[in-house]
>>> print(open('input.txt').read())   # compact mmCIF, N, CA and C atoms
# COMPACT_ATOMS: atom_id res chain seq x y z
N MET C 1 0.84 -1.17 0.00
CA MET C 1 0.00 0.00 0.00
C MET C 1 0.89 1.24 0.00
N LYS C 2 0.54 2.21 -0.81
CA LYS C 2 1.28 3.46 -0.89
C LYS C 2 0.96 4.36 0.29
N SER C 3 1.93 5.17 0.65
CA SER C 3 1.68 6.18 1.67
C SER C 3 0.67 7.18 1.13
N VAL C 4 0.05 7.93 2.03
CA VAL C 4 -0.91 8.95 1.60
C VAL C 4 -0.18 10.00 0.76
N ALA C 5 1.03 10.35 1.15
CA ALA C 5 1.79 11.33 0.36
C ALA C 5 2.01 10.82 -1.06
N ALA C 6 2.36 9.56 -1.21
CA ALA C 6 2.57 8.99 -2.55
C ALA C 6 1.25 8.92 -3.33
N GLN C 7 0.16 8.70 -2.64
CA GLN C 7 -1.14 8.64 -3.31
C GLN C 7 -1.55 9.99 -3.86
N ILE C 8 -1.28 11.07 -3.12
CA ILE C 8 -1.72 12.38 -3.58
C ILE C 8 -0.69 13.07 -4.47
N TRP C 9 0.54 12.60 -4.48
CA TRP C 9 1.60 13.25 -5.24
C TRP C 9 1.25 13.50 -6.71
N PRO C 10 0.73 12.54 -7.46
CA PRO C 10 0.45 12.82 -8.87
C PRO C 10 -0.45 14.04 -9.09
N LYS C 11 -1.46 14.21 -8.26
CA LYS C 11 -2.34 15.37 -8.39
C LYS C 11 -1.61 16.66 -8.00
N VAL C 12 -0.84 16.61 -6.93
CA VAL C 12 -0.07 17.78 -6.51
C VAL C 12 0.90 18.19 -7.62
N ALA C 13 1.63 17.22 -8.15
CA ALA C 13 2.62 17.50 -9.19
C ALA C 13 1.97 18.09 -10.44
N ALA C 14 0.74 17.67 -10.72
CA ALA C 14 0.02 18.16 -11.90
C ALA C 14 -0.69 19.49 -11.64
N GLY C 15 -0.63 19.99 -10.41
CA GLY C 15 -1.27 21.26 -10.09
C GLY C 15 -2.74 21.17 -9.80
N HIS C 16 -3.21 19.98 -9.44
CA HIS C 16 -4.62 19.77 -9.14
C HIS C 16 -4.86 19.72 -7.64
N ALA C 17 -6.11 19.86 -7.26
CA ALA C 17 -6.51 19.71 -5.86
C ALA C 17 -6.46 18.24 -5.47
N VAL C 18 -6.26 17.99 -4.19
CA VAL C 18 -6.31 16.63 -3.65
C VAL C 18 -7.56 16.49 -2.80
N GLN C 19 -7.99 15.27 -2.64
CA GLN C 19 -9.19 14.95 -1.87
C GLN C 19 -8.80 14.35 -0.51
N LEU C 20 -9.39 14.89 0.52
CA LEU C 20 -9.31 14.30 1.86
C LEU C 20 -10.73 14.08 2.35
N PHE C 21 -10.87 13.24 3.37
CA PHE C 21 -12.20 12.96 3.91
C PHE C 21 -12.74 14.13 4.72
N LYS C 22 -14.04 14.35 4.58
CA LYS C 22 -14.74 15.26 5.48
C LYS C 22 -14.78 14.62 6.87
N SER C 23 -14.92 15.44 7.86
CA SER C 23 -15.07 14.95 9.22
C SER C 23 -16.56 14.76 9.51
N TYR C 24 -16.86 13.78 10.32
CA TYR C 24 -18.24 13.55 10.75
C TYR C 24 -18.35 13.70 12.26
N ARG C 25 -17.42 14.46 12.82
CA ARG C 25 -17.47 14.79 14.24
C ARG C 25 -17.44 16.30 14.38
N ASP C 26 -18.26 16.82 15.26
CA ASP C 26 -18.35 18.27 15.46
C ASP C 26 -17.05 18.87 16.00
N ASP C 27 -16.28 18.07 16.74
CA ASP C 27 -15.06 18.60 17.36
C ASP C 27 -13.81 18.44 16.49
N VAL C 28 -13.97 17.94 15.26
CA VAL C 28 -12.84 17.75 14.36
C VAL C 28 -13.18 18.39 13.02
N PRO C 29 -12.37 19.35 12.57
CA PRO C 29 -12.66 19.97 11.27
C PRO C 29 -12.35 19.01 10.12
N ASP C 30 -12.87 19.29 8.95
CA ASP C 30 -12.53 18.50 7.77
C ASP C 30 -11.01 18.51 7.60
N GLY C 31 -10.45 17.34 7.39
CA GLY C 31 -9.00 17.22 7.25
C GLY C 31 -8.26 17.24 8.56
N GLY C 32 -8.98 17.39 9.66
CA GLY C 32 -8.37 17.46 10.98
C GLY C 32 -8.16 16.11 11.64
N GLN C 33 -8.53 15.04 10.96
CA GLN C 33 -8.27 13.71 11.48
C GLN C 33 -6.76 13.56 11.60
N MET C 34 -6.31 12.96 12.70
CA MET C 34 -4.88 12.98 13.00
C MET C 34 -4.26 11.59 13.02
N ARG C 35 -3.04 11.55 12.51
CA ARG C 35 -2.24 10.33 12.50
C ARG C 35 -0.83 10.65 12.97
N ASP C 36 -0.17 9.63 13.44
CA ASP C 36 1.23 9.74 13.81
C ASP C 36 2.04 9.33 12.58
N PHE C 37 2.29 10.29 11.70
CA PHE C 37 3.07 10.02 10.49
C PHE C 37 4.53 9.85 10.88
N VAL C 38 5.14 8.76 10.42
CA VAL C 38 6.54 8.50 10.74
C VAL C 38 7.28 8.26 9.43
N TYR C 39 8.47 8.83 9.32
CA TYR C 39 9.27 8.68 8.12
C TYR C 39 9.95 7.32 8.17
N VAL C 40 9.95 6.62 7.05
CA VAL C 40 10.50 5.27 7.00
C VAL C 40 11.98 5.25 7.38
N ARG C 41 12.70 6.30 7.10
CA ARG C 41 14.12 6.35 7.50
C ARG C 41 14.26 6.27 9.02
N ASP C 42 13.33 6.87 9.74
CA ASP C 42 13.36 6.80 11.19
C ASP C 42 13.08 5.38 11.67
N VAL C 43 12.16 4.71 11.01
CA VAL C 43 11.85 3.32 11.36
C VAL C 43 13.09 2.45 11.14
N VAL C 44 13.75 2.63 10.02
CA VAL C 44 14.97 1.87 9.72
C VAL C 44 16.03 2.17 10.76
N ASP C 45 16.13 3.42 11.19
CA ASP C 45 17.12 3.78 12.20
C ASP C 45 16.85 3.05 13.53
N VAL C 46 15.59 2.96 13.91
CA VAL C 46 15.24 2.25 15.14
C VAL C 46 15.57 0.76 15.00
N VAL C 47 15.23 0.17 13.86
CA VAL C 47 15.54 -1.25 13.65
C VAL C 47 17.05 -1.48 13.71
N ALA C 48 17.83 -0.61 13.07
CA ALA C 48 19.29 -0.75 13.11
C ALA C 48 19.81 -0.60 14.54
N TRP C 49 19.26 0.36 15.27
CA TRP C 49 19.66 0.55 16.67
C TRP C 49 19.40 -0.71 17.48
N MET C 50 18.25 -1.32 17.26
CA MET C 50 17.93 -2.55 17.99
C MET C 50 18.86 -3.69 17.57
N PHE C 51 19.19 -3.76 16.31
CA PHE C 51 20.10 -4.80 15.82
C PHE C 51 21.47 -4.69 16.49
N TYR C 52 21.96 -3.46 16.61
CA TYR C 52 23.28 -3.24 17.20
C TYR C 52 23.25 -3.17 18.73
N ASN C 53 22.09 -3.33 19.30
CA ASN C 53 21.93 -3.39 20.76
C ASN C 53 21.11 -4.63 21.10
N PRO C 54 21.69 -5.82 20.90
CA PRO C 54 20.91 -7.06 21.08
C PRO C 54 20.38 -7.29 22.49
N GLU C 55 20.90 -6.57 23.45
CA GLU C 55 20.38 -6.71 24.82
C GLU C 55 18.99 -6.08 24.95
N ILE C 56 18.60 -5.27 23.98
CA ILE C 56 17.28 -4.65 23.97
C ILE C 56 16.31 -5.61 23.29
N SER C 57 15.25 -5.95 23.97
CA SER C 57 14.23 -6.79 23.34
C SER C 57 12.88 -6.39 23.90
N GLY C 58 11.86 -6.73 23.17
CA GLY C 58 10.52 -6.41 23.60
C GLY C 58 9.68 -5.90 22.45
N LEU C 59 8.47 -5.54 22.78
CA LEU C 59 7.57 -4.96 21.80
C LEU C 59 7.47 -3.47 22.07
N TYR C 60 7.65 -2.67 21.02
CA TYR C 60 7.64 -1.22 21.18
C TYR C 60 6.74 -0.59 20.13
N ASN C 61 5.99 0.41 20.55
CA ASN C 61 5.28 1.23 19.58
C ASN C 61 6.31 2.05 18.84
N LEU C 62 6.02 2.33 17.59
CA LEU C 62 6.94 3.14 16.82
C LEU C 62 6.16 4.13 15.97
N GLY C 63 6.50 5.36 16.10
CA GLY C 63 5.92 6.46 15.35
C GLY C 63 6.78 7.67 15.65
N SER C 64 6.30 8.82 15.30
CA SER C 64 7.05 10.04 15.63
C SER C 64 6.75 10.47 17.07
N GLY C 65 5.63 10.00 17.59
CA GLY C 65 5.19 10.40 18.92
C GLY C 65 4.36 11.67 18.90
N GLN C 66 4.09 12.19 17.70
CA GLN C 66 3.28 13.42 17.60
C GLN C 66 2.29 13.28 16.45
N ALA C 67 1.02 13.26 16.77
CA ALA C 67 -0.02 13.18 15.75
C ALA C 67 -0.14 14.52 15.02
N ARG C 68 -0.36 14.43 13.72
CA ARG C 68 -0.58 15.61 12.89
C ARG C 68 -1.78 15.34 11.99
N SER C 69 -2.40 16.38 11.51
CA SER C 69 -3.60 16.20 10.70
C SER C 69 -3.27 15.81 9.26
N PHE C 70 -4.26 15.18 8.62
CA PHE C 70 -4.12 14.87 7.21
C PHE C 70 -3.98 16.16 6.41
N ALA C 71 -4.64 17.24 6.84
CA ALA C 71 -4.50 18.52 6.15
C ALA C 71 -3.07 19.04 6.26
N ASP C 72 -2.43 18.87 7.41
CA ASP C 72 -1.02 19.24 7.56
C ASP C 72 -0.14 18.45 6.61
N MET C 73 -0.40 17.15 6.53
CA MET C 73 0.40 16.29 5.65
C MET C 73 0.24 16.71 4.20
N ALA C 74 -1.01 16.94 3.77
CA ALA C 74 -1.25 17.35 2.38
C ALA C 74 -0.59 18.70 2.11
N ALA C 75 -0.70 19.63 3.04
CA ALA C 75 -0.07 20.94 2.87
C ALA C 75 1.45 20.81 2.73
N ALA C 76 2.04 19.87 3.47
CA ALA C 76 3.49 19.64 3.37
C ALA C 76 3.87 19.11 1.99
N VAL C 77 3.03 18.27 1.40
CA VAL C 77 3.31 17.77 0.04
C VAL C 77 3.25 18.93 -0.95
N PHE C 78 2.23 19.77 -0.82
CA PHE C 78 2.14 20.94 -1.70
C PHE C 78 3.36 21.84 -1.52
N ALA C 79 3.77 22.08 -0.27
CA ALA C 79 4.93 22.94 0.00
C ALA C 79 6.19 22.37 -0.63
N ALA C 80 6.36 21.06 -0.53
CA ALA C 80 7.54 20.41 -1.12
C ALA C 80 7.55 20.54 -2.64
N ALA C 81 6.37 20.68 -3.22
CA ALA C 81 6.26 20.87 -4.67
C ALA C 81 6.32 22.34 -5.07
N GLY C 82 6.41 23.22 -4.06
CA GLY C 82 6.44 24.65 -4.33
C GLY C 82 5.09 25.20 -4.78
N ARG C 83 4.02 24.57 -4.30
CA ARG C 83 2.67 24.98 -4.71
C ARG C 83 1.83 25.34 -3.48
N ALA C 84 0.86 26.19 -3.70
CA ALA C 84 -0.09 26.52 -2.63
C ALA C 84 -1.04 25.33 -2.44
N PRO C 85 -1.42 25.05 -1.20
CA PRO C 85 -2.31 23.92 -0.96
C PRO C 85 -3.66 24.09 -1.65
N GLN C 86 -4.11 23.03 -2.28
CA GLN C 86 -5.44 22.94 -2.87
C GLN C 86 -6.07 21.65 -2.34
N ILE C 87 -6.87 21.77 -1.32
CA ILE C 87 -7.45 20.59 -0.67
C ILE C 87 -8.96 20.69 -0.74
N GLU C 88 -9.58 19.63 -1.21
CA GLU C 88 -11.04 19.52 -1.24
C GLU C 88 -11.42 18.35 -0.34
N TYR C 89 -12.61 18.43 0.22
CA TYR C 89 -13.05 17.39 1.15
C TYR C 89 -14.24 16.65 0.57
N SER C 90 -14.13 15.32 0.60
CA SER C 90 -15.19 14.48 0.05
C SER C 90 -15.77 13.60 1.14
N ALA C 91 -16.93 13.07 0.86
CA ALA C 91 -17.63 12.23 1.83
C ALA C 91 -16.83 10.98 2.16
N MET C 92 -16.81 10.67 3.42
CA MET C 92 -16.22 9.42 3.88
C MET C 92 -17.20 8.30 3.55
N PRO C 93 -16.72 7.17 3.04
CA PRO C 93 -17.65 6.08 2.74
C PRO C 93 -18.48 5.70 3.97
N PRO C 94 -19.78 5.55 3.80
CA PRO C 94 -20.64 5.23 4.95
C PRO C 94 -20.21 3.99 5.71
N ALA C 95 -19.64 3.02 5.03
CA ALA C 95 -19.24 1.77 5.68
C ALA C 95 -18.16 1.96 6.75
N ILE C 96 -17.38 3.03 6.67
CA ILE C 96 -16.32 3.22 7.66
C ILE C 96 -16.58 4.37 8.62
N ARG C 97 -17.61 5.14 8.41
CA ARG C 97 -17.84 6.33 9.23
C ARG C 97 -17.93 6.05 10.71
N GLU C 98 -18.62 5.00 11.10
CA GLU C 98 -18.80 4.71 12.53
C GLU C 98 -17.54 4.10 13.17
N LYS C 99 -16.65 3.55 12.35
CA LYS C 99 -15.46 2.87 12.87
C LYS C 99 -14.19 3.68 12.69
N TYR C 100 -14.27 4.78 11.99
CA TYR C 100 -13.09 5.56 11.63
C TYR C 100 -12.39 6.10 12.88
N GLN C 101 -11.07 5.94 12.92
CA GLN C 101 -10.27 6.47 14.02
C GLN C 101 -9.86 7.90 13.68
N TYR C 102 -10.25 8.83 14.49
CA TYR C 102 -9.94 10.23 14.25
C TYR C 102 -8.58 10.64 14.82
N PHE C 103 -8.00 9.82 15.68
CA PHE C 103 -6.73 10.16 16.30
C PHE C 103 -5.94 8.90 16.59
N THR C 104 -4.72 8.84 16.08
CA THR C 104 -3.79 7.78 16.47
C THR C 104 -2.43 8.43 16.71
N GLN C 105 -1.78 8.01 17.76
CA GLN C 105 -0.45 8.53 18.08
C GLN C 105 0.29 7.46 18.86
N ALA C 106 1.50 7.17 18.42
CA ALA C 106 2.31 6.15 19.08
C ALA C 106 2.76 6.63 20.46
N GLU C 107 2.64 5.78 21.43
CA GLU C 107 3.17 6.05 22.77
C GLU C 107 4.62 5.58 22.75
N MET C 108 5.53 6.51 22.85
CA MET C 108 6.95 6.22 22.65
C MET C 108 7.73 5.99 23.95
N ALA C 109 7.07 6.01 25.09
CA ALA C 109 7.77 5.90 26.36
C ALA C 109 8.58 4.61 26.47
N GLY C 110 8.04 3.50 26.02
CA GLY C 110 8.76 2.23 26.12
C GLY C 110 10.07 2.24 25.35
N LEU C 111 10.04 2.73 24.14
CA LEU C 111 11.25 2.80 23.33
C LEU C 111 12.25 3.77 23.95
N ARG C 112 11.77 4.88 24.45
CA ARG C 112 12.66 5.86 25.10
C ARG C 112 13.27 5.28 26.36
N GLU C 113 12.48 4.56 27.14
CA GLU C 113 12.99 3.92 28.37
C GLU C 113 14.01 2.84 28.05
N ALA C 114 13.89 2.22 26.87
CA ALA C 114 14.85 1.21 26.45
C ALA C 114 16.17 1.83 26.04
N GLY C 115 16.19 3.16 25.87
CA GLY C 115 17.44 3.84 25.57
C GLY C 115 17.52 4.53 24.22
N TYR C 116 16.50 4.42 23.41
CA TYR C 116 16.54 5.10 22.10
C TYR C 116 16.31 6.59 22.34
N ASP C 117 17.31 7.41 21.96
CA ASP C 117 17.21 8.84 22.29
C ASP C 117 17.33 9.77 21.08
N ARG C 118 17.27 9.21 19.89
CA ARG C 118 17.39 10.06 18.70
C ARG C 118 16.06 10.74 18.39
N ASP C 119 16.16 11.90 17.77
CA ASP C 119 14.96 12.63 17.35
C ASP C 119 14.36 11.99 16.11
N PHE C 120 13.06 12.17 15.95
CA PHE C 120 12.37 11.71 14.76
C PHE C 120 12.20 12.89 13.81
N THR C 121 12.18 12.60 12.54
CA THR C 121 12.05 13.62 11.51
C THR C 121 10.67 14.25 11.58
N GLY C 122 10.61 15.58 11.57
CA GLY C 122 9.34 16.28 11.57
C GLY C 122 8.59 16.06 10.27
N LEU C 123 7.29 16.22 10.32
CA LEU C 123 6.45 15.96 9.16
C LEU C 123 6.90 16.74 7.93
N GLU C 124 7.06 18.04 8.05
CA GLU C 124 7.43 18.85 6.89
C GLU C 124 8.79 18.46 6.33
N ASP C 125 9.77 18.20 7.21
CA ASP C 125 11.10 17.81 6.74
C ASP C 125 11.06 16.43 6.07
N GLY C 126 10.33 15.52 6.65
CA GLY C 126 10.23 14.18 6.07
C GLY C 126 9.55 14.19 4.72
N ILE C 127 8.46 14.95 4.61
CA ILE C 127 7.76 15.05 3.33
C ILE C 127 8.65 15.72 2.29
N ALA C 128 9.34 16.78 2.66
CA ALA C 128 10.23 17.47 1.72
C ALA C 128 11.31 16.52 1.20
N ASP C 129 11.89 15.73 2.09
CA ASP C 129 12.92 14.77 1.69
C ASP C 129 12.32 13.69 0.78
N TYR C 130 11.18 13.16 1.16
CA TYR C 130 10.51 12.10 0.40
C TYR C 130 10.13 12.58 -1.00
N VAL C 131 9.58 13.77 -1.09
CA VAL C 131 9.22 14.32 -2.40
C VAL C 131 10.47 14.60 -3.22
N GLY C 132 11.46 15.26 -2.61
CA GLY C 132 12.66 15.64 -3.34
C GLY C 132 13.50 14.48 -3.80
N ARG C 133 13.66 13.47 -2.96
CA ARG C 133 14.52 12.33 -3.30
C ARG C 133 13.82 11.23 -4.08
N TYR C 134 12.51 11.11 -3.91
CA TYR C 134 11.83 9.96 -4.47
C TYR C 134 10.64 10.32 -5.36
N LEU C 135 9.60 10.87 -4.77
CA LEU C 135 8.35 11.05 -5.53
C LEU C 135 8.52 11.91 -6.78
N SER C 136 9.36 12.92 -6.71
CA SER C 136 9.52 13.83 -7.86
C SER C 136 10.51 13.31 -8.90
N GLN C 137 11.11 12.18 -8.64
CA GLN C 137 12.12 11.64 -9.56
C GLN C 137 11.48 10.75 -10.63
N PRO C 138 12.17 10.59 -11.77
CA PRO C 138 11.62 9.75 -12.85
C PRO C 138 11.28 8.33 -12.38
N ASP C 139 12.10 7.78 -11.49
CA ASP C 139 11.82 6.46 -10.92
C ASP C 139 11.76 6.62 -9.41
N PRO C 140 10.56 6.88 -8.86
CA PRO C 140 10.44 7.14 -7.43
C PRO C 140 10.72 5.93 -6.54
N TYR C 141 10.90 4.77 -7.13
CA TYR C 141 11.11 3.55 -6.33
C TYR C 141 12.55 3.08 -6.35
N ARG C 142 13.46 3.91 -6.85
CA ARG C 142 14.85 3.49 -6.95
C ARG C 142 15.47 3.30 -5.59
>>> encode(input="input.txt", output="structure tokens")
Amino acid sequence: MKSVAAQIWPKVAAGHAVQLFKSYRDDVPDGGQMRDFVYVRDVVDVVAWMFYNPEISGLYNLGSGQARSFADMAAAVFAAAGRAPQIEYSAMPPAIREKYQYFTQAEMAGLREAGYDRDFTGLEDGIADYVGRYLSQPDPYR
């Protein structure tokens, strides 16, 4: 499955608006649904750290530790393309409306207590790197 950034990239690159889900909660604006977006390079760094520290074992949540909105993520993709955000909101499929998670964020205390002390890449920096190094290239999967 492609990341949300990779899914919206073709429209952003072409100068078109992207679609995000409308919110069906009064306390969450359209596009305000939040996820803990984590850059894959950070995940690889954690895995490498664990490999080189075999005394560390257990199950750990992994994310950036900070939830951000889908609107923030889409705006970061537009910014990385040097374009003003163009976001439109469409209906969420009825089949998922009642089950949709409006907020997810990794609890990072366990990993931090295990000794991992490196910073995670911020959303805007991660998106800029991802767009610049991969999505905007002729072969984004190289």
>>> residues_around(input="input.txt", residues="stretch 31-36 of chain C", least_positions_apart="4", cutoff="6.5 Å", atoms="only N, CA and C atoms", output="list in words")
Leu20, Phe21, Lys22, Ser23, Gly63, Ser64, Gly65, Gln66, Ala67, Arg68, Ser69, Phe70, Ala71, Asp72, Gln101, Tyr102, Phe103, Thr104, Gln105 and Ala106 of chain C
>>> atom_distance(input="input.txt", atom1="atom C of C:Pro93", atom2="atom C of C:Val38")
26.5 Å
>>> residues_around(input="input.txt", residues="C:Asp125", least_positions_apart="5", cutoff="8 Å", atoms="only N, CA and C atoms", output="list in words")
Ala76, Tyr130 and Val131 of chain C
>>> closest_residue(input="input.txt", among="C:Ser3, C:Tyr134, C:Ala128, C:Ile96", to="C:Phe37", atoms="only C-alpha atoms")
C:Ser3
>>> select_by_dssp(input="input.txt", residues="stretch 21-139 of chain C", states="strand (DSSP E or B)", output="PyMOL selection string")
chain C and resi 21+34-35+68-69+87-90+103
>>> write_last_selection(input="input.txt", atoms="N, CA and C atoms", output="PDB file, in the frame of the given file")
ATOM      1  N   PHE C  21     -10.870  13.240   3.370  1.00  0.00           N
ATOM      2  CA  PHE C  21     -12.200  12.960   3.910  1.00  0.00           C
ATOM      3  C   PHE C  21     -12.740  14.130   4.720  1.00  0.00           C
ATOM      4  N   MET C  34      -6.310  12.960  12.700  1.00  0.00           N
ATOM      5  CA  MET C  34      -4.880  12.980  13.000  1.00  0.00           C
ATOM      6  C   MET C  34      -4.260  11.590  13.020  1.00  0.00           C
ATOM      7  N   ARG C  35      -3.040  11.550  12.510  1.00  0.00           N
ATOM      8  CA  ARG C  35      -2.240  10.330  12.500  1.00  0.00           C
ATOM      9  C   ARG C  35      -0.830  10.650  12.970  1.00  0.00           C
ATOM     10  N   ARG C  68      -0.360  14.430  13.720  1.00  0.00           N
ATOM     11  CA  ARG C  68      -0.580  15.610  12.890  1.00  0.00           C
ATOM     12  C   ARG C  68      -1.780  15.340  11.990  1.00  0.00           C
ATOM     13  N   SER C  69      -2.400  16.380  11.510  1.00  0.00           N
ATOM     14  CA  SER C  69      -3.600  16.200  10.700  1.00  0.00           C
ATOM     15  C   SER C  69      -3.270  15.810   9.260  1.00  0.00           C
ATOM     16  N   ILE C  87      -6.870  21.770  -1.320  1.00  0.00           N
ATOM     17  CA  ILE C  87      -7.450  20.590  -0.670  1.00  0.00           C
ATOM     18  C   ILE C  87      -8.960  20.690  -0.740  1.00  0.00           C
ATOM     19  N   GLU C  88      -9.580  19.630  -1.210  1.00  0.00           N
ATOM     20  CA  GLU C  88     -11.040  19.520  -1.240  1.00  0.00           C
ATOM     21  C   GLU C  88     -11.420  18.350  -0.340  1.00  0.00           C
ATOM     22  N   TYR C  89     -12.610  18.430   0.220  1.00  0.00           N
ATOM     23  CA  TYR C  89     -13.050  17.390   1.150  1.00  0.00           C
ATOM     24  C   TYR C  89     -14.240  16.650   0.570  1.00  0.00           C
ATOM     25  N   SER C  90     -14.130  15.320   0.600  1.00  0.00           N
ATOM     26  CA  SER C  90     -15.190  14.480   0.050  1.00  0.00           C
ATOM     27  C   SER C  90     -15.770  13.600   1.140  1.00  0.00           C
ATOM     28  N   PHE C 103      -8.000   9.820  15.680  1.00  0.00           N
ATOM     29  CA  PHE C 103      -6.730  10.160  16.300  1.00  0.00           C
ATOM     30  C   PHE C 103      -5.940   8.900  16.590  1.00  0.00           C
TER      31      PHE C 103
END
>>> select_by_dssp(input="input.txt", residues="chain C", states="alpha helix (DSSP H)", output="number ranges by chain")
C: 4-13, 40-51, 70-80, 94-97, 109-113, 123-130
>>> closest_residue(input="input.txt", among="C:Leu59, C:Gln86, C:Ala79, C:Val47", to="C:Met108", atoms="only C-alpha atoms")
C:Leu59
>>> residues_around(input="input.txt", residues="C:Ala5", least_positions_apart="3", cutoff="8 Å", atoms="all atoms listed in the file", output="number ranges by chain")
C: 2, 8-10, 73-74, 77, 127, 135
>>> axis_aligned_box(input="input.txt", around="stretch 96-107 of chain C", padding_each_side="4 Å", output="lines of an AutoDock Vina configuration file")
center_x = -7.1
center_y = 6.8
center_z = 14.7
size_x = 31.4
size_y = 15.8
size_z = 24.1
>>> closest_residue(input="input.txt", among="C:Asn61, C:Asp30, C:Pro54, C:Gln7", to="C:Gly110", atoms="all atoms listed in the file")
C:Asn61
>>> atom_distance(input="input.txt", atom1="atom C of C:Ile56", atom2="atom C of C:Gly122")
26.4 Å
>>> atom_distance(input="input.txt", atom1="atom CA of C:Asp129", atom2="atom CA of C:Arg41")
10.3 Å
>>> residues_around(input="input.txt", residues="C:Trp49", least_positions_apart="6", cutoff="12 Å", atoms="only C-alpha atoms", output="list in words")
Asp42, Val43, Glu55, Ile56, Ser57, Leu111, Ala114, Gly115, Tyr116, Asp117 and Arg118 of chain C
>>> write_last_selection(input="input.txt", atoms="N, CA and C atoms", output="short mmCIF file (atom, residue, chain, number, x, y, z; two decimals), keeping the file's coordinate frame")
data_model
loop_
_atom_site.label_atom_id
_atom_site.label_comp_id
_atom_site.auth_asym_id
_atom_site.auth_seq_id
_atom_site.Cartn_x
_atom_site.Cartn_y
_atom_site.Cartn_z
N ASP C 42 13.33 6.87 9.74
CA ASP C 42 13.36 6.80 11.19
C ASP C 42 13.08 5.38 11.67
N VAL C 43 12.16 4.71 11.01
CA VAL C 43 11.85 3.32 11.36
C VAL C 43 13.09 2.45 11.14
N GLU C 55 20.90 -6.57 23.45
CA GLU C 55 20.38 -6.71 24.82
C GLU C 55 18.99 -6.08 24.95
N ILE C 56 18.60 -5.27 23.98
CA ILE C 56 17.28 -4.65 23.97
C ILE C 56 16.31 -5.61 23.29
N SER C 57 15.25 -5.95 23.97
CA SER C 57 14.23 -6.79 23.34
C SER C 57 12.88 -6.39 23.90
N LEU C 111 10.04 2.73 24.14
CA LEU C 111 11.25 2.80 23.33
C LEU C 111 12.25 3.77 23.95
N ALA C 114 13.89 2.22 26.87
CA ALA C 114 14.85 1.21 26.45
C ALA C 114 16.17 1.83 26.04
N GLY C 115 16.19 3.16 25.87
CA GLY C 115 17.44 3.84 25.57
C GLY C 115 17.52 4.53 24.22
N TYR C 116 16.50 4.42 23.41
CA TYR C 116 16.54 5.10 22.10
C TYR C 116 16.31 6.59 22.34
N ASP C 117 17.31 7.41 21.96
CA ASP C 117 17.21 8.84 22.29
C ASP C 117 17.33 9.77 21.08
N ARG C 118 17.27 9.21 19.89
CA ARG C 118 17.39 10.06 18.70
C ARG C 118 16.06 10.74 18.39
#
>>> decode(input="input.txt", residues="stretch 23-35 of chain C", atoms="N, CA and C atoms", output="compact mmCIF listing (two decimals), in the first residue's frame")
# COMPACT_ATOMS: atom_id res chain seq x y z
N SER C 23 -14.92 15.44 7.86
CA SER C 23 -15.07 14.95 9.22
C SER C 23 -16.56 14.76 9.51
N TYR C 24 -16.86 13.78 10.32
CA TYR C 24 -18.24 13.55 10.75
C TYR C 24 -18.35 13.70 12.26
N ARG C 25 -17.42 14.46 12.82
CA ARG C 25 -17.47 14.79 14.24
C ARG C 25 -17.44 16.30 14.38
N ASP C 26 -18.26 16.82 15.26
CA ASP C 26 -18.35 18.27 15.46
C ASP C 26 -17.05 18.87 16.00
N ASP C 27 -16.28 18.07 16.74
CA ASP C 27 -15.06 18.60 17.36
C ASP C 27 -13.81 18.44 16.49
N VAL C 28 -13.97 17.94 15.26
CA VAL C 28 -12.84 17.75 14.36
C VAL C 28 -13.18 18.39 13.02
N PRO C 29 -12.37 19.35 12.57
CA PRO C 29 -12.66 19.97 11.27
C PRO C 29 -12.35 19.01 10.12
N ASP C 30 -12.87 19.29 8.95
CA ASP C 30 -12.53 18.50 7.77
C ASP C 30 -11.01 18.51 7.60
N GLY C 31 -10.45 17.34 7.39
CA GLY C 31 -9.00 17.22 7.25
C GLY C 31 -8.26 17.24 8.56
N GLY C 32 -8.98 17.39 9.66
CA GLY C 32 -8.37 17.46 10.98
C GLY C 32 -8.16 16.11 11.64
N GLN C 33 -8.53 15.04 10.96
CA GLN C 33 -8.27 13.71 11.48
C GLN C 33 -6.76 13.56 11.60
N MET C 34 -6.31 12.96 12.70
CA MET C 34 -4.88 12.98 13.00
C MET C 34 -4.26 11.59 13.02
N ARG C 35 -3.04 11.55 12.51
CA ARG C 35 -2.24 10.33 12.50
C ARG C 35 -0.83 10.65 12.97
